[in-house]
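What follows is a single structure, written as structure tokens, with notes after it.
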Amino acid sequence: MKKWIVAIVAAAALPLAAHSAEIKIGFQKGSGLLSMIKAQGSMEKALVGHQIKWIEFPAGPQMLEALNAGSIDFGSTGAPPPVFAQAGGVDLLYVGAEPAPVNSEAIFVPKDSPLRSVAALKGKRVAFQKGSGSHFLLASALNKAGLKMADIVPVYLSPSDARAAFVSGSIDAWVVWDPYFASAQKAYQVRVLADYTGLPLANGFYLASRRFAQQSPQLVATLLEQVSASGQWANAHPKETGASLAQLTGLPADIVATWLARSRFGATPVTPEIVANQQRVADLFYEQKLIPKQVNIASRVWVWQPRPAVRPD
């Protein structure tokens with residue numbers, strides 16, 4: 001990441017250096033802004049005097065299990081993982097939000113599959129990561145088609161295991177996010193049955209444990225400011241961002257380009273509109289008996305008031 005991004009937050013972070021602490025950040029390898037920030041070392045420069053410990057997870061649900069156990073303080077996931085975590089008693093806070101995806105996650109089938117609509121998935125084996133953004137996309141698409149999760153045969157698999165099942169033909173459909181989706185499109189010329197077009201949107205989120213947010217609110221703000229500045233730079237520099245992601249993931253440049261063309265990076269405060277989006281996610285999961293109790297999103301929002309970022313000369 002370019003030097004000016006670090007400069008935006010470094011000055012604000014200087015008072016933190018007197019209170020050195022370890023900050024444990026969860027990330028998904030090659031699957032988001034935090035993985036790029038880790039590779040570039042800009043968080044360490046913004047939080048001089050603090051030790052940053054990066055911990056990798058295969059998906060959001062596993063990350064929030066770690067948040068609950070105190071193994072991480074801060075991380076990012078799609079919309080569903082924190083809903084499942086809330087319902088399971090995890091004391092988390094929504095501290096920031098990412099732009100909602102539209103085309104970067106999809107339900108798809110092999111190119112020669114006879115299935116041509118979401119309604120046709122009734123009784124079929126559909127693979128996805130339980131509690132992930134894909135879980136909500138599938139539930140929403142089925143709901144629009146007049147079906148429920150109980151009308152399909154859910155196959156709970158991590159993206160890597162789902163890919164193997166897709167190739168072997170042991171599942172009928174796969175629901176997954178980029179870059180796995182873009183990779184499958186390139187390798188198998190899949191047929192997309194649905195993405196978020198015409199469905200309720202679901203934001204990604206930056207999350208923190210309540211303990212961390214209450215004890216270190218300035219640290220949380222600085223983390224978010226660094227993510228926001230890095231995201232703005234990534235959006236404005238797709239070529240450099242693509243090169244970074246290609247190096248991190250080992251994916252071909254054309255797959256990374258497809259992924260970036262339908263993604264937006266960054267962090268914003270959790271607005272009332274975003275809270276309403278997330279409450280719809282939670283309500284749908286409760287209506288379909290996917291979580292044991294209703295959850296209230298607004299009660300878990302941490303108010304972040306970004307400081308103005310002025311680019312130095």
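Chain labels A, B, ... are given in the sequence in which chains occur in the structure tokens; within each chain residues are numbered consecutively from 1, and ligands are likewise numbered from 1 in the order shown.
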
**Request:** From region 9-143 of chain A, collect each residue whose DSSP state is alpha helix (DSSP H) and return the set as a count of residues only.
**Result:** 47

**Prompt:** So which residues touch Pro252 (chain A) within 12 Å, counting only C-alpha atoms, skipping near sequence neighbours fewer than 6 positions away, as a VMD selection string?
**Reply:** chain A and resid 179 182 to 183 186 to 187 242 to 246 258 to 259

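Computed from the coordinates, the CA of Ala164 (chain A) to CA of Trp177 (chain A) distance equals 15.7 Å.
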
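Within 12 Å of Lys111 (chain A), once only C-alpha atoms are used and residues closer than 6 positions along the same chain are dropped, the contacting residues are Phe166, Val167, Gly169, Asp172, Ala173, Ala184, Gln185, Lys186, Ala187, Tyr188, Gln189, Val190, Arg191, Val192 and Leu193 of chain A.
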
Output the selection as a PDB file, in the first residue's frame - N, CA, C and O atoms for each residue.
```
ATOM      1  N   PHE A 166     -17.809 -30.642  -6.196  1.00  0.00           N
ATOM      2  CA  PHE A 166     -18.372 -30.122  -7.441  1.00  0.00           C
ATOM      3  C   PHE A 166     -17.735 -30.829  -8.644  1.00  0.00           C
ATOM      4  O   PHE A 166     -18.422 -31.257  -9.577  1.00  0.00           O
ATOM      5  N   VAL A 167     -16.434 -30.965  -8.609  1.00  0.00           N
ATOM      6  CA  VAL A 167     -15.706 -31.607  -9.709  1.00  0.00           C
ATOM      7  C   VAL A 167     -16.081 -33.074  -9.838  1.00  0.00           C
ATOM      8  O   VAL A 167     -16.229 -33.606 -10.943  1.00  0.00           O
ATOM      9  N   GLY A 169     -18.892 -34.426  -9.021  1.00  0.00           N
ATOM     10  CA  GLY A 169     -20.305 -34.616  -9.326  1.00  0.00           C
ATOM     11  C   GLY A 169     -21.126 -35.129  -8.165  1.00  0.00           C
ATOM     12  O   GLY A 169     -22.277 -35.540  -8.338  1.00  0.00           O
ATOM     13  N   ASP A 172     -25.074 -31.227  -6.566  1.00  0.00           N
ATOM     14  CA  ASP A 172     -25.782 -30.709  -7.740  1.00  0.00           C
ATOM     15  C   ASP A 172     -25.491 -29.232  -7.987  1.00  0.00           C
ATOM     16  O   ASP A 172     -25.569 -28.761  -9.130  1.00  0.00           O
ATOM     17  N   ALA A 173     -25.198 -28.494  -6.918  1.00  0.00           N
ATOM     18  CA  ALA A 173     -24.952 -27.057  -7.040  1.00  0.00           C
ATOM     19  C   ALA A 173     -23.997 -26.628  -5.940  1.00  0.00           C
ATOM     20  O   ALA A 173     -23.853 -27.305  -4.914  1.00  0.00           O
ATOM     21  N   ALA A 184     -14.043 -20.941 -10.367  1.00  0.00           N
ATOM     22  CA  ALA A 184     -14.929 -21.976 -10.910  1.00  0.00           C
ATOM     23  C   ALA A 184     -15.485 -21.578 -12.273  1.00  0.00           C
ATOM     24  O   ALA A 184     -15.620 -22.413 -13.171  1.00  0.00           O
ATOM     25  N   GLN A 185     -15.795 -20.305 -12.438  1.00  0.00           N
ATOM     26  CA  GLN A 185     -16.277 -19.829 -13.736  1.00  0.00           C
ATOM     27  C   GLN A 185     -15.246 -20.082 -14.830  1.00  0.00           C
ATOM     28  O   GLN A 185     -15.577 -20.500 -15.940  1.00  0.00           O
ATOM     29  N   LYS A 186     -13.996 -19.808 -14.508  1.00  0.00           N
ATOM     30  CA  LYS A 186     -12.931 -19.971 -15.501  1.00  0.00           C
ATOM     31  C   LYS A 186     -12.661 -21.453 -15.781  1.00  0.00           C
ATOM     32  O   LYS A 186     -12.505 -21.867 -16.936  1.00  0.00           O
ATOM     33  N   ALA A 187     -12.605 -22.253 -14.736  1.00  0.00           N
ATOM     34  CA  ALA A 187     -12.207 -23.655 -14.895  1.00  0.00           C
ATOM     35  C   ALA A 187     -13.308 -24.532 -15.467  1.00  0.00           C
ATOM     36  O   ALA A 187     -13.027 -25.470 -16.222  1.00  0.00           O
ATOM     37  N   TYR A 188     -14.563 -24.242 -15.137  1.00  0.00           N
ATOM     38  CA  TYR A 188     -15.643 -25.176 -15.464  1.00  0.00           C
ATOM     39  C   TYR A 188     -16.772 -24.574 -16.293  1.00  0.00           C
ATOM     40  O   TYR A 188     -17.747 -25.263 -16.595  1.00  0.00           O
ATOM     41  N   GLN A 189     -16.690 -23.280 -16.652  1.00  0.00           N
ATOM     42  CA  GLN A 189     -17.735 -22.626 -17.439  1.00  0.00           C
ATOM     43  C   GLN A 189     -19.120 -22.910 -16.839  1.00  0.00           C
ATOM     44  O   GLN A 189     -20.029 -23.399 -17.506  1.00  0.00           O
ATOM     45  N   VAL A 190     -19.263 -22.629 -15.560  1.00  0.00           N
ATOM     46  CA  VAL A 190     -20.471 -22.958 -14.820  1.00  0.00           C
ATOM     47  C   VAL A 190     -21.662 -22.118 -15.281  1.00  0.00           C
ATOM     48  O   VAL A 190     -21.502 -21.076 -15.917  1.00  0.00           O
ATOM     49  N   ARG A 191     -22.870 -22.590 -14.936  1.00  0.00           N
ATOM     50  CA  ARG A 191     -24.081 -21.824 -15.204  1.00  0.00           C
ATOM     51  C   ARG A 191     -24.585 -21.228 -13.893  1.00  0.00           C
ATOM     52  O   ARG A 191     -24.850 -21.952 -12.930  1.00  0.00           O
ATOM     53  N   VAL A 192     -24.705 -19.907 -13.852  1.00  0.00           N
ATOM     54  CA  VAL A 192     -25.155 -19.220 -12.647  1.00  0.00           C
ATOM     55  C   VAL A 192     -26.676 -19.229 -12.576  1.00  0.00           C
ATOM     56  O   VAL A 192     -27.354 -18.822 -13.518  1.00  0.00           O
ATOM     57  N   LEU A 193     -27.197 -19.685 -11.435  1.00  0.00           N
ATOM     58  CA  LEU A 193     -28.648 -19.668 -11.220  1.00  0.00           C
ATOM     59  C   LEU A 193     -29.096 -18.389 -10.531  1.00  0.00           C
ATOM     60  O   LEU A 193     -30.209 -17.915 -10.769  1.00  0.00           O
TER      61      LEU A 193
END
```

**Message:** Set the distance at 12 Å and use only C-alpha atoms: which residues neighbour region 276-278 of chain A once local chain neighbours fewer than 5 positions away are removed? I'd like the list as a ChimeraX atom specification.
**Reply:** /A:78-84,94,97,99-100,133,136,199-205,270-271,283-285,295-298,300-301

Let me see the file: selected residues, C-alpha atoms, as an mmCIF file, in the first residue's frame.
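Done, and the output landed in selection-v1.cif:
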```
data_model
loop_
_atom_site.group_PDB
_atom_site.id
_atom_site.type_symbol
_atom_site.label_atom_id
_atom_site.label_comp_id
_atom_site.auth_asym_id
_atom_site.auth_seq_id
_atom_site.Cartn_x
_atom_site.Cartn_y
_atom_site.Cartn_z
ATOM 1 C CA GLY A 78 -19.864 -11.671 5.595
ATOM 2 C CA ALA A 79 -23.314 -10.940 7.005
ATOM 3 C CA PRO A 80 -24.445 -14.357 8.309
ATOM 4 C CA PRO A 81 -21.553 -15.409 10.588
ATOM 5 C CA PRO A 82 -22.214 -12.733 13.221
ATOM 6 C CA VAL A 83 -25.940 -13.576 13.183
ATOM 7 C CA PHE A 84 -25.212 -17.231 13.933
ATOM 8 C CA TYR A 94 -20.465 -4.631 14.737
ATOM 9 C CA ALA A 97 -19.268 -2.328 7.484
ATOM 10 C CA PRO A 99 -20.061 -2.514 0.759
ATOM 11 C CA ALA A 100 -22.710 -5.157 0.060
ATOM 12 C CA GLY A 133 -22.560 -15.235 3.225
ATOM 13 C CA PHE A 136 -27.833 -16.231 3.287
ATOM 14 C CA LEU A 199 -32.480 -10.029 -3.551
ATOM 15 C CA PRO A 200 -31.979 -8.254 -0.203
ATOM 16 C CA LEU A 201 -28.402 -7.069 0.080
ATOM 17 C CA ALA A 202 -26.106 -8.230 2.846
ATOM 18 C CA ASN A 203 -23.084 -6.188 3.912
ATOM 19 C CA GLY A 204 -19.802 -7.543 5.103
ATOM 20 C CA PHE A 205 -18.751 -6.465 8.589
ATOM 21 C CA VAL A 270 -22.710 0.872 10.574
ATOM 22 C CA THR A 271 -25.607 3.110 9.510
ATOM 23 C CA ASP A 283 -35.032 -12.444 10.642
ATOM 24 C CA LEU A 284 -34.890 -14.713 7.596
ATOM 25 C CA PHE A 285 -32.657 -17.167 9.398
ATOM 26 C CA VAL A 295 -31.366 -11.552 17.593
ATOM 27 C CA ASN A 296 -31.302 -7.776 17.736
ATOM 28 C CA ILE A 297 -28.656 -6.179 15.532
ATOM 29 C CA ALA A 298 -29.042 -2.565 16.680
ATOM 30 C CA ARG A 300 -24.689 -4.735 19.066
ATOM 31 C CA VAL A 301 -23.578 -1.734 17.015
#
```

**Message:** So that I can see what lies close to Gly70 (chain A), please list as a PyMOL selection string the residues with an atom at most 10 Å from it, counting only C-alpha atoms and leaving out residues fewer than 5 positions away in the same chain.
**Reply:** chain A and resi 24+64-65+209+211-212

Those residues you just picked out, can you put them in a file as a PDB file, in the first residue's frame with N, CA, C and O atoms?
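File produced: out.pdb:
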```
ATOM      1  N   LYS A  24      -4.875  -8.869  18.175  1.00  0.00           N
ATOM      2  CA  LYS A  24      -5.011 -10.115  17.415  1.00  0.00           C
ATOM      3  C   LYS A  24      -6.101  -9.938  16.358  1.00  0.00           C
ATOM      4  O   LYS A  24      -7.263  -9.715  16.695  1.00  0.00           O
ATOM      5  N   LEU A  64     -15.258 -16.322  14.086  1.00  0.00           N
ATOM      6  CA  LEU A  64     -16.046 -15.837  15.218  1.00  0.00           C
ATOM      7  C   LEU A  64     -16.043 -16.804  16.390  1.00  0.00           C
ATOM      8  O   LEU A  64     -16.263 -16.395  17.532  1.00  0.00           O
ATOM      9  N   GLU A  65     -15.783 -18.070  16.126  1.00  0.00           N
ATOM     10  CA  GLU A  65     -15.545 -19.000  17.238  1.00  0.00           C
ATOM     11  C   GLU A  65     -14.297 -18.566  18.005  1.00  0.00           C
ATOM     12  O   GLU A  65     -14.260 -18.603  19.238  1.00  0.00           O
ATOM     13  N   SER A 209     -14.615  -8.036  19.648  1.00  0.00           N
ATOM     14  CA  SER A 209     -15.198  -8.492  20.902  1.00  0.00           C
ATOM     15  C   SER A 209     -15.610  -7.276  21.718  1.00  0.00           C
ATOM     16  O   SER A 209     -14.995  -6.200  21.607  1.00  0.00           O
ATOM     17  N   ARG A 211     -15.245  -6.847  24.827  1.00  0.00           N
ATOM     18  CA  ARG A 211     -14.141  -6.531  25.740  1.00  0.00           C
ATOM     19  C   ARG A 211     -13.119  -5.625  25.066  1.00  0.00           C
ATOM     20  O   ARG A 211     -12.711  -4.605  25.630  1.00  0.00           O
ATOM     21  N   PHE A 212     -12.714  -5.970  23.855  1.00  0.00           N
ATOM     22  CA  PHE A 212     -11.701  -5.189  23.154  1.00  0.00           C
ATOM     23  C   PHE A 212     -12.222  -3.787  22.832  1.00  0.00           C
ATOM     24  O   PHE A 212     -11.517  -2.791  23.016  1.00  0.00           O
TER      25      PHE A 212
END
```

**Request:** Check the DSSP output for the backbone and give back, as a ChimeraX atom specification, the residues of region 67-307 of chain A in strand (DSSP E or B).
**Result:** /A:74-77,92-98,105-109,125-128,153-156,173-177,191-194,204-209,268,301

**Message:** Give me the residues near Leu223 (chain A) as JSON, numbers by chain, where near means some atom within 9 Å (using only C-alpha atoms) and where sequence neighbours in that chain fewer than 6 positions away do not count.
**Reply:** {"A": [9, 43, 46, 47, 74]}

How would the residues just picked look written out with all heavy atoms as a PDB file, in the first residue's frame?
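File written: again13.pdb
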```pdb
ATOM      1  N   VAL A   9      -3.216   7.662   8.901  1.00  0.00           N
ATOM      2  CA  VAL A   9      -3.599   7.211  10.228  1.00  0.00           C
ATOM      3  C   VAL A   9      -2.443   7.186  11.210  1.00  0.00           C
ATOM      4  O   VAL A   9      -2.646   7.123  12.403  1.00  0.00           O
ATOM      5  CB  VAL A   9      -4.229   5.804  10.159  1.00  0.00           C
ATOM      6  CG1 VAL A   9      -5.508   5.850   9.364  1.00  0.00           C
ATOM      7  CG2 VAL A   9      -3.266   4.804   9.571  1.00  0.00           C
ATOM      8  N   MET A  43      -0.693  -1.922   8.691  1.00  0.00           N
ATOM      9  CA  MET A  43      -1.315  -1.831  10.015  1.00  0.00           C
ATOM     10  C   MET A  43      -0.254  -1.664  11.096  1.00  0.00           C
ATOM     11  O   MET A  43      -0.428  -0.897  12.059  1.00  0.00           O
ATOM     12  CB  MET A  43      -2.168  -3.070  10.291  1.00  0.00           C
ATOM     13  CG  MET A  43      -3.140  -2.892  11.440  1.00  0.00           C
ATOM     14  SD  MET A  43      -4.442  -1.679  11.069  1.00  0.00           S
ATOM     15  CE  MET A  43      -5.573  -2.693  10.101  1.00  0.00           C
ATOM     16  N   ALA A  46       0.773   1.888  11.143  1.00  0.00           N
ATOM     17  CA  ALA A  46      -0.245   2.768  11.718  1.00  0.00           C
ATOM     18  C   ALA A  46      -0.331   2.639  13.228  1.00  0.00           C
ATOM     19  O   ALA A  46      -0.710   3.582  13.917  1.00  0.00           O
ATOM     20  CB  ALA A  46      -1.606   2.462  11.100  1.00  0.00           C
ATOM     21  N   LEU A  47       0.031   1.458  13.742  1.00  0.00           N
ATOM     22  CA  LEU A  47      -0.072   1.197  15.179  1.00  0.00           C
ATOM     23  C   LEU A  47       1.318   0.977  15.764  1.00  0.00           C
ATOM     24  O   LEU A  47       1.611  -0.074  16.343  1.00  0.00           O
ATOM     25  CB  LEU A  47      -0.985  -0.004  15.433  1.00  0.00           C
ATOM     26  CG  LEU A  47      -2.465   0.261  15.146  1.00  0.00           C
ATOM     27  CD1 LEU A  47      -3.248  -1.031  15.041  1.00  0.00           C
ATOM     28  CD2 LEU A  47      -3.066   1.146  16.232  1.00  0.00           C
ATOM     29  N   PHE A  74     -10.377  -8.757  16.624  1.00  0.00           N
ATOM     30  CA  PHE A  74     -10.940  -7.995  15.513  1.00  0.00           C
ATOM     31  C   PHE A  74     -10.832  -8.847  14.260  1.00  0.00           C
ATOM     32  O   PHE A  74      -9.886  -9.608  14.087  1.00  0.00           O
ATOM     33  CB  PHE A  74     -10.127  -6.702  15.351  1.00  0.00           C
ATOM     34  CG  PHE A  74     -10.548  -5.786  14.235  1.00  0.00           C
ATOM     35  CD1 PHE A  74     -11.494  -4.801  14.435  1.00  0.00           C
ATOM     36  CD2 PHE A  74      -9.952  -5.888  12.973  1.00  0.00           C
ATOM     37  CE1 PHE A  74     -11.855  -3.929  13.411  1.00  0.00           C
ATOM     38  CE2 PHE A  74     -10.299  -5.022  11.943  1.00  0.00           C
ATOM     39  CZ  PHE A  74     -11.260  -4.037  12.168  1.00  0.00           C
TER      40      PHE A  74
END
```

**Message:** Give me the residues near region 113-128 of chain A as a PyMOL selection string, where near means some atom within 10 Å (using only C-alpha atoms) and where sequence neighbours in that chain fewer than 2 positions away do not count.
**Reply:** chain A and resi 107-111+130-135+138+141-159+161-163+165-166+170-177+190-194

Resulting file, chosen residues, N, CA and C atoms, as a short mmCIF file (atom, residue, chain, number, x, y, z; two decimals), in the first residue's frame:
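Output saved as out_5.cif:
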```cif
data_model
loop_
_atom_site.label_atom_id
_atom_site.label_comp_id
_atom_site.auth_asym_id
_atom_site.auth_seq_id
_atom_site.Cartn_x
_atom_site.Cartn_y
_atom_site.Cartn_z
N ILE A 107 -24.94 -18.76 -6.78
CA ILE A 107 -25.38 -20.16 -6.80
C ILE A 107 -25.17 -20.63 -8.23
N PHE A 108 -24.43 -21.72 -8.42
CA PHE A 108 -24.18 -22.17 -9.79
C PHE A 108 -24.14 -23.69 -9.88
N VAL A 109 -24.26 -24.17 -11.11
CA VAL A 109 -24.30 -25.60 -11.41
C VAL A 109 -23.32 -25.88 -12.55
N PRO A 110 -22.98 -27.15 -12.78
CA PRO A 110 -22.12 -27.46 -13.93
C PRO A 110 -22.77 -27.02 -15.23
N LYS A 111 -21.95 -26.74 -16.23
CA LYS A 111 -22.45 -26.19 -17.49
C LYS A 111 -23.44 -27.12 -18.19
N LYS A 130 -21.55 -23.50 5.92
CA LYS A 130 -22.60 -23.18 6.87
C LYS A 130 -22.28 -21.89 7.61
N GLY A 131 -23.28 -21.01 7.71
CA GLY A 131 -23.12 -19.76 8.45
C GLY A 131 -22.38 -18.67 7.70
N SER A 132 -22.10 -18.89 6.42
CA SER A 132 -21.36 -17.91 5.63
C SER A 132 -22.31 -17.02 4.85
N GLY A 133 -21.74 -16.06 4.10
CA GLY A 133 -22.56 -15.23 3.23
C GLY A 133 -23.31 -16.07 2.22
N SER A 134 -22.72 -17.16 1.78
CA SER A 134 -23.38 -18.06 0.83
C SER A 134 -24.64 -18.67 1.41
N HIS A 135 -24.65 -18.88 2.71
CA HIS A 135 -25.81 -19.44 3.39
C HIS A 135 -27.01 -18.50 3.24
N LEU A 138 -28.24 -18.30 -0.49
CA LEU A 138 -29.06 -19.47 -0.82
C LEU A 138 -30.44 -19.37 -0.17
N ALA A 141 -32.52 -16.70 -2.01
CA ALA A 141 -32.92 -17.11 -3.35
C ALA A 141 -34.01 -18.18 -3.29
N LEU A 142 -33.86 -19.11 -2.36
CA LEU A 142 -34.88 -20.14 -2.19
C LEU A 142 -36.20 -19.50 -1.75
N ASN A 143 -36.12 -18.56 -0.83
CA ASN A 143 -37.33 -17.88 -0.34
C ASN A 143 -38.06 -17.18 -1.49
N LYS A 144 -37.30 -16.52 -2.36
CA LYS A 144 -37.89 -15.84 -3.51
C LYS A 144 -38.56 -16.84 -4.45
N ALA A 145 -38.01 -18.05 -4.52
CA ALA A 145 -38.54 -19.09 -5.40
C ALA A 145 -39.66 -19.90 -4.74
N GLY A 146 -40.05 -19.50 -3.50
CA GLY A 146 -41.12 -20.20 -2.80
C GLY A 146 -40.67 -21.45 -2.08
N LEU A 147 -39.37 -21.57 -1.84
CA LEU A 147 -38.83 -22.75 -1.16
C LEU A 147 -38.17 -22.34 0.15
N LYS A 148 -37.85 -23.34 0.96
CA LYS A 148 -37.11 -23.14 2.19
C LYS A 148 -35.87 -24.01 2.16
N MET A 149 -34.99 -23.78 3.12
CA MET A 149 -33.79 -24.60 3.20
C MET A 149 -34.14 -26.07 3.38
N ALA A 150 -35.26 -26.33 4.04
CA ALA A 150 -35.67 -27.72 4.25
C ALA A 150 -36.06 -28.43 2.95
N ASP A 151 -36.25 -27.65 1.89
CA ASP A 151 -36.65 -28.25 0.60
C ASP A 151 -35.46 -28.74 -0.22
N ILE A 152 -34.24 -28.43 0.22
CA ILE A 152 -33.06 -28.93 -0.47
C ILE A 152 -32.31 -29.87 0.45
N VAL A 153 -31.23 -30.46 -0.05
CA VAL A 153 -30.34 -31.27 0.78
C VAL A 153 -29.07 -30.45 0.99
N PRO A 154 -28.95 -29.76 2.12
CA PRO A 154 -27.75 -28.94 2.34
C PRO A 154 -26.54 -29.82 2.59
N VAL A 155 -25.43 -29.46 1.97
CA VAL A 155 -24.17 -30.16 2.18
C VAL A 155 -23.17 -29.12 2.68
N TYR A 156 -22.86 -29.18 3.96
CA TYR A 156 -22.02 -28.16 4.58
C TYR A 156 -20.54 -28.49 4.33
N LEU A 157 -19.91 -27.69 3.47
CA LEU A 157 -18.51 -27.92 3.11
C LEU A 157 -17.75 -26.59 3.04
N SER A 158 -16.49 -26.64 3.40
CA SER A 158 -15.62 -25.48 3.18
C SER A 158 -15.43 -25.30 1.68
N PRO A 159 -15.01 -24.11 1.24
CA PRO A 159 -14.84 -23.90 -0.20
C PRO A 159 -13.93 -24.93 -0.88
N ASP A 161 -13.27 -28.05 0.03
CA ASP A 161 -13.94 -29.35 -0.02
C ASP A 161 -15.12 -29.32 -1.00
N ALA A 162 -15.81 -28.19 -1.06
CA ALA A 162 -16.94 -28.08 -1.99
C ALA A 162 -16.46 -28.13 -3.43
N ARG A 163 -15.31 -27.55 -3.70
CA ARG A 163 -14.76 -27.60 -5.06
C ARG A 163 -14.53 -29.04 -5.49
N ALA A 165 -16.03 -31.69 -4.35
CA ALA A 165 -17.33 -32.33 -4.52
C ALA A 165 -17.99 -31.91 -5.83
N PHE A 166 -17.81 -30.64 -6.20
CA PHE A 166 -18.37 -30.12 -7.44
C PHE A 166 -17.73 -30.83 -8.64
N SER A 170 -20.56 -35.07 -6.95
CA SER A 170 -21.30 -35.58 -5.79
C SER A 170 -22.28 -34.56 -5.22
N ILE A 171 -22.27 -33.33 -5.75
CA ILE A 171 -23.27 -32.33 -5.40
C ILE A 171 -23.89 -31.80 -6.69
N ASP A 172 -25.07 -31.23 -6.57
CA ASP A 172 -25.78 -30.71 -7.74
C ASP A 172 -25.49 -29.23 -7.99
N ALA A 173 -25.20 -28.49 -6.92
CA ALA A 173 -24.95 -27.06 -7.04
C ALA A 173 -24.00 -26.63 -5.94
N TRP A 174 -23.37 -25.49 -6.18
CA TRP A 174 -22.39 -24.95 -5.23
C TRP A 174 -22.68 -23.47 -5.07
N VAL A 175 -22.60 -22.99 -3.83
CA VAL A 175 -22.78 -21.57 -3.52
C VAL A 175 -21.50 -21.09 -2.85
N VAL A 176 -20.85 -20.08 -3.46
CA VAL A 176 -19.59 -19.63 -2.90
C VAL A 176 -19.27 -18.22 -3.38
N TRP A 177 -18.32 -17.60 -2.72
CA TRP A 177 -17.93 -16.22 -2.97
C TRP A 177 -16.63 -16.18 -3.78
N VAL A 190 -19.26 -22.63 -15.56
CA VAL A 190 -20.47 -22.96 -14.82
C VAL A 190 -21.66 -22.12 -15.28
N ARG A 191 -22.87 -22.59 -14.94
CA ARG A 191 -24.08 -21.82 -15.20
C ARG A 191 -24.58 -21.23 -13.89
N VAL A 192 -24.70 -19.91 -13.85
CA VAL A 192 -25.16 -19.22 -12.65
C VAL A 192 -26.68 -19.23 -12.58
N LEU A 193 -27.20 -19.68 -11.44
CA LEU A 193 -28.65 -19.67 -11.22
C LEU A 193 -29.10 -18.39 -10.53
N ALA A 194 -28.26 -17.84 -9.68
CA ALA A 194 -28.64 -16.61 -8.96
C ALA A 194 -27.43 -15.99 -8.29
#
```

**Message:** Just to confirm, what's the straight-line distance from CA of Pro306 (chain A) to CA of Glu22 (chain A) in Å (one decimal)?
**Reply:**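 Pair CA of Pro306 (chain A) / CA of Glu22 (chain A) returns 22.9 Å.
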